[in-house]
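Some notes on the structure that comes next.
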Amino acid sequence: MSRRSKPMISFLMPALNEEDALPVVIKSIPVSKLKTVGYSVEIVVVDNASTDNTAKVAKKLGARVVKERKRGYGSAYKKGFKSVKGDIIITGDADNTYPFKDSLKFIKILEKEDLEFITTNRFSNMGKKSMTFRNRFGNYVFRTATNILFGLKLEDSWSGMWIFRTKALKHLNITSDGMPLSQEIKIEAFKKLGVRAKEIPINFTNVRIGEAKLEPWKDGVRTLKFFARKKLGLLR
Ligand SMILES: Nc1nc2c(ncn2[C@@H]2O[C@H](COP(=O)(O)OP(=O)(O)OP(=O)(O)O)[C@@H](O)[C@H]2O)c(=O)[nH]1
Ligand SMILES: [Mg+2]
């Protein structure tokens with residue numbers, strides 16, 4: 001493949017009051033390394049409710065900032081999916097927990113194994129302080145529920161880092177406006193893309209910069225409601 005014909009990579013992050021983390025996160029994206037081997041790169045930050053300087057900081061660091069009026073993690077991603085220009089999307093939280101620095105390795109797996117969608121398993125190498133005990137327990141419960149209800153074999157159903165081809169989105173029915181979108185995209189990908197979807201291990205050893213936006217009880221209940229509606233086929 002000639003250098004010029006390599007795909008464009010869109011890094012996509014939802015950000016709610018992440019002005020402190022964004023400088024570290026954006027600098028961890030290996031833009032030069034990817035460009036050197038022929039990829040073009042864009043960084044897209046979706047901001048829909050920040051009261052701090054998230055948008056200003058992101059723009060200053062070279063990201064394109066997309067605004068969404070409807071609140072929520074899912075709304076931010078849905079807007080982001082429509083806004084990216086790249087052929088491959090790499091997602092992750094804007095809180096410096098996900099290893100964007102390993103992106104070239106992930107892209108190579110996608111390309112070599114001819115995959116459409118990769119989700120990542122944070123539990124394969126997790127730092128002691130990278131996830132609270134409560135969240136580890138919650139993840140275990142929701143992972144088990146996702147696997148039983150939707151016939152999957154995931155190790156990590158709530159991971160926010162996915163590497164996938166933009167064109168795969170047209171096969172996926174993504175409806176959630178909130179945190180359950182993270183489960184939904186995996187349920188859809190494994191159901192619709194079959195063997196071209198895969199879960200791979202990542203290093204999840206950093207500690208979050210800034211405050212958590214996940215509201216464990218509220219988001220847990222929302223996800224249970226989401227499971228019921230998805231299972232009953234009410235989300236179209
Ligand atoms: N644009 C936007 N981003 C959001 C919203 N809610 C959360 N986010 C972002 O989505 C990502 C995930 O939120 P986190 O608080 O890190 O959730 P989490 O990783 O499940 O929880 P922790 O492990 O406790 O950090 C972060 O980048 C947030 O800034 C929202 O309503 N709008
Ligand atoms: Mg996070």
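Letters A, B, ... mark the chains of the structure tokens in the order given; residue numbers begin at 1 per chain; ligand numbers begin at 1, in order shown.
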Which residues are close to range 92-98 of chain A, i.e. within 9 Å by only C-alpha atoms, leaving aside same-chain residues fewer than 2 positions away? Reply as a ChimeraX atom specification. /A:11-16,18,20-22,24-26,28,45,90,100-101,122,130,159-162,202-212
Residue neighbourhood Ser83 in chain A, 10 Å, only C-alpha atoms, exclusion window fewer than 3 positions, as a list in words: Ser10, Leu12, Val44, Val46, Arg64, Val65, Val66, Tyr77, Lys78, Lys79, Gly80 and Gly86 of chain A
Selected residues, C-alpha atoms, written as a JSON list (two decimals), in the first residue's frame, please.
[["chain", "number", "residue", "atom", "x", "y", "z"],
["A", 10, "SER", "CA", -10.22, 9.89, 13.74],
["A", 12, "LEU", "CA", -12.95, 10.65, 19.10],
["A", 44, "VAL", "CA", -12.45, 15.26, 17.58],
["A", 46, "VAL", "CA", -17.48, 16.26, 21.65],
["A", 64, "ARG", "CA", -11.80, 19.88, 16.36],
["A", 65, "VAL", "CA", -14.56, 20.57, 18.88],
["A", 66, "VAL", "CA", -18.08, 19.42, 18.09],
["A", 77, "TYR", "CA", -20.80, 9.77, 20.83],
["A", 78, "LYS", "CA", -23.74, 9.70, 18.42],
["A", 79, "LYS", "CA", -22.92, 13.27, 17.38],
["A", 80, "GLY", "CA", -19.24, 12.36, 17.13],
["A", 86, "GLY", "CA", -11.76, 9.42, 9.07]]
Within range 62-211 of chain A, find each residue whose DSSP state, derived from the backbone, is strand (DSSP E or B), and express the selection as an MDAnalysis selection string. chainID A and resid 64:67 88:91 117:126 162:165 197:204
Residues from last step as file, C-alpha atoms, as a compact mmCIF listing (two decimals), in the first residue's frame:
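For reference, part-v9.txt as written:
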# COMPACT_ATOMS: atom_id res chain seq x y z
CA ARG A 64 -11.80 19.88 16.36
CA VAL A 65 -14.56 20.57 18.88
CA VAL A 66 -18.08 19.42 18.09
CA LYS A 67 -21.01 20.65 20.16
CA ILE A 88 -11.02 4.36 11.27
CA ILE A 89 -12.29 5.67 14.60
CA ILE A 90 -10.42 5.28 17.89
CA THR A 91 -12.42 6.25 20.95
CA PHE A 117 -14.64 -3.59 15.20
CA ILE A 118 -12.34 -3.98 18.20
CA THR A 119 -13.32 -3.42 21.80
CA THR A 120 -10.75 -3.49 24.56
CA ASN A 121 -10.35 -5.34 27.84
CA ARG A 122 -9.06 -3.18 30.66
CA PHE A 123 -8.87 -6.03 33.15
CA SER A 124 -5.98 -7.82 31.42
CA ASN A 125 -3.49 -5.30 32.83
CA MET A 126 -5.15 -2.94 35.29
CA TRP A 162 -13.06 0.94 20.60
CA ILE A 163 -11.12 0.83 17.35
CA PHE A 164 -13.35 0.36 14.33
CA ARG A 165 -13.99 1.15 10.70
CA ALA A 197 -15.55 -8.09 15.86
CA LYS A 198 -12.98 -8.88 18.53
CA GLU A 199 -11.97 -7.97 22.09
CA ILE A 200 -8.27 -7.34 22.73
CA PRO A 201 -6.30 -6.64 25.93
CA ILE A 202 -5.00 -3.14 26.72
CA ASN A 203 -2.90 -1.58 29.43
CA PHE A 204 -5.15 0.28 31.83
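Between CA of Ser176 in chain A and CA of Gly194 in chain A the interatomic distance comes to 21.4 Å.
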So which one's closest to Asn139 in chain A, A:Phe226, A:Pro216, A:Ala189, A:Asn173? Using only C-alpha atoms, please. A:Pro216
Pick from A:Asp114, A:Glu155, A:Asp47, A:Asp52: nearest to ligand 1, with only C-alpha atoms and all ligand atoms counted? A:Asp47
At most 10 Å is the cut-off: for each residue in range 97-199 of chain A with any atom that close to an atom of range 217-222 of chain A, write down the nearest atom pair and the distance in Å rounded to one decimal, counting only C-alpha atoms, chain first then increasing number, as JSON lines.
{"residue": "A:Gly138", "atom": "CA", "partner": "A:Gly220", "partner_atom": "CA", "distance": 8.0}
{"residue": "A:Asn139", "atom": "CA", "partner": "A:Gly220", "partner_atom": "CA", "distance": 9.8}
{"residue": "A:Phe142", "atom": "CA", "partner": "A:Gly220", "partner_atom": "CA", "distance": 8.4}
{"residue": "A:Ser176", "atom": "CA", "partner": "A:Arg222", "partner_atom": "CA", "distance": 9.9}
{"residue": "A:Gly178", "atom": "CA", "partner": "A:Asp219", "partner_atom": "CA", "distance": 7.9}
{"residue": "A:Met179", "atom": "CA", "partner": "A:Asp219", "partner_atom": "CA", "distance": 6.5}
{"residue": "A:Pro180", "atom": "CA", "partner": "A:Arg222", "partner_atom": "CA", "distance": 7.2}
Restricted to N, CA and C atoms, what would the selected residues look like written as a PDB file, in the first residue's frame?
ATOM      1  N   GLY A 138     -19.026  -3.494  39.925  1.00  0.00           N
ATOM      2  CA  GLY A 138     -20.108  -3.134  38.997  1.00  0.00           C
ATOM      3  C   GLY A 138     -19.833  -3.653  37.593  1.00  0.00           C
ATOM      4  N   ASN A 139     -18.603  -3.502  37.163  1.00  0.00           N
ATOM      5  CA  ASN A 139     -18.234  -3.988  35.830  1.00  0.00           C
ATOM      6  C   ASN A 139     -18.410  -5.489  35.722  1.00  0.00           C
ATOM      7  N   PHE A 142     -22.198  -6.202  35.441  1.00  0.00           N
ATOM      8  CA  PHE A 142     -22.774  -5.811  34.149  1.00  0.00           C
ATOM      9  C   PHE A 142     -22.186  -6.621  32.991  1.00  0.00           C
ATOM     10  N   SER A 176     -28.677   4.583  22.540  1.00  0.00           N
ATOM     11  CA  SER A 176     -28.592   5.150  23.887  1.00  0.00           C
ATOM     12  C   SER A 176     -27.989   6.560  23.921  1.00  0.00           C
ATOM     13  N   GLY A 178     -27.010   7.765  26.891  1.00  0.00           N
ATOM     14  CA  GLY A 178     -26.197   7.806  28.113  1.00  0.00           C
ATOM     15  C   GLY A 178     -25.072   6.785  28.101  1.00  0.00           C
ATOM     16  N   MET A 179     -24.620   6.434  29.310  1.00  0.00           N
ATOM     17  CA  MET A 179     -23.506   5.492  29.461  1.00  0.00           C
ATOM     18  C   MET A 179     -23.792   4.104  28.852  1.00  0.00           C
ATOM     19  N   PRO A 180     -25.080   3.641  28.808  1.00  0.00           N
ATOM     20  CA  PRO A 180     -25.319   2.316  28.215  1.00  0.00           C
ATOM     21  C   PRO A 180     -24.878   2.205  26.753  1.00  0.00           C
TER      22      PRO A 180
END
From A:Gly151, A:Pro99, A:Pro23, A:Gly74, residue lying nearest ligand 1 [only C-alpha atoms and all ligand atoms]: A:Gly74
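Distances from A:Ala76, A:Leu34, A:Met131, A:Ala55 to ligand 2 were compared using only C-alpha atoms and all ligand atoms, and the smallest one belongs to A:Met131.
Of note, CA of Asn135 in chain A and CA of Trp158 in chain A are spaced 10.2 Å apart.
The space between CA of Ala145 in chain A and CA of Thr223 in chain A spans 10.4 Å.
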Once DSSP has gone over the backbone, tell me which residues of range 50-117 of chain A are in alpha helix (DSSP H), as a PyMOL selection string. chain A and resi 54-60+73-83+103-112
Next, write the just-selected residues to a file, as a JSON list (two decimals), in the first residue's frame, keeping C-alpha atoms as the atom set.
[["chain", "number", "residue", "atom", "x", "y", "z"],
["A", 54, "THR", "CA", -12.90, 22.04, 27.88],
["A", 55, "ALA", "CA", -13.70, 23.37, 24.39],
["A", 56, "LYS", "CA", -11.09, 26.15, 24.54],
["A", 57, "VAL", "CA", -8.35, 23.82, 25.77],
["A", 58, "ALA", "CA", -9.19, 21.15, 23.17],
["A", 59, "LYS", "CA", -9.12, 23.69, 20.31],
["A", 60, "LYS", "CA", -5.83, 25.13, 21.49],
["A", 73, "TYR", "CA", -22.18, 10.25, 26.99],
["A", 74, "GLY", "CA", -24.27, 8.47, 24.37],
["A", 75, "SER", "CA", -25.53, 11.70, 22.77],
["A", 76, "ALA", "CA", -21.95, 12.94, 22.58],
["A", 77, "TYR", "CA", -20.80, 9.77, 20.83],
["A", 78, "LYS", "CA", -23.74, 9.70, 18.42],
["A", 79, "LYS", "CA", -22.92, 13.27, 17.38],
["A", 80, "GLY", "CA", -19.24, 12.36, 17.13],
["A", 81, "PHE", "CA", -19.93, 9.36, 14.88],
["A", 82, "LYS", "CA", -21.69, 11.69, 12.44],
["A", 83, "SER", "CA", -18.95, 14.29, 12.61],
["A", 103, "SER", "CA", -2.94, 3.28, 18.82],
["A", 104, "LEU", "CA", -0.63, 2.14, 16.01],
["A", 105, "LYS", "CA", -0.57, -1.36, 17.50],
["A", 106, "PHE", "CA", -4.40, -1.40, 17.59],
["A", 107, "ILE", "CA", -4.72, -0.20, 13.99],
["A", 108, "LYS", "CA", -2.32, -2.93, 12.86],
["A", 109, "ILE", "CA", -4.45, -5.59, 14.55],
["A", 110, "LEU", "CA", -7.59, -4.19, 12.86],
["A", 111, "GLU", "CA", -5.89, -4.20, 9.47],
["A", 112, "LYS", "CA", -3.92, -7.46, 9.68]]
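For the residues A:Lys33, A:Lys27, A:Lys213, A:Arg136, ranking by smallest atom-to-atom distance to ligand 2 using only C-alpha atoms and all ligand atoms places A:Lys213 first.
Proximity to Leu214 in chain A was assessed for A:Arg134, A:Lys128, A:Leu61, A:Leu149 counting only C-alpha atoms; the smallest distance is recorded for A:Arg134.
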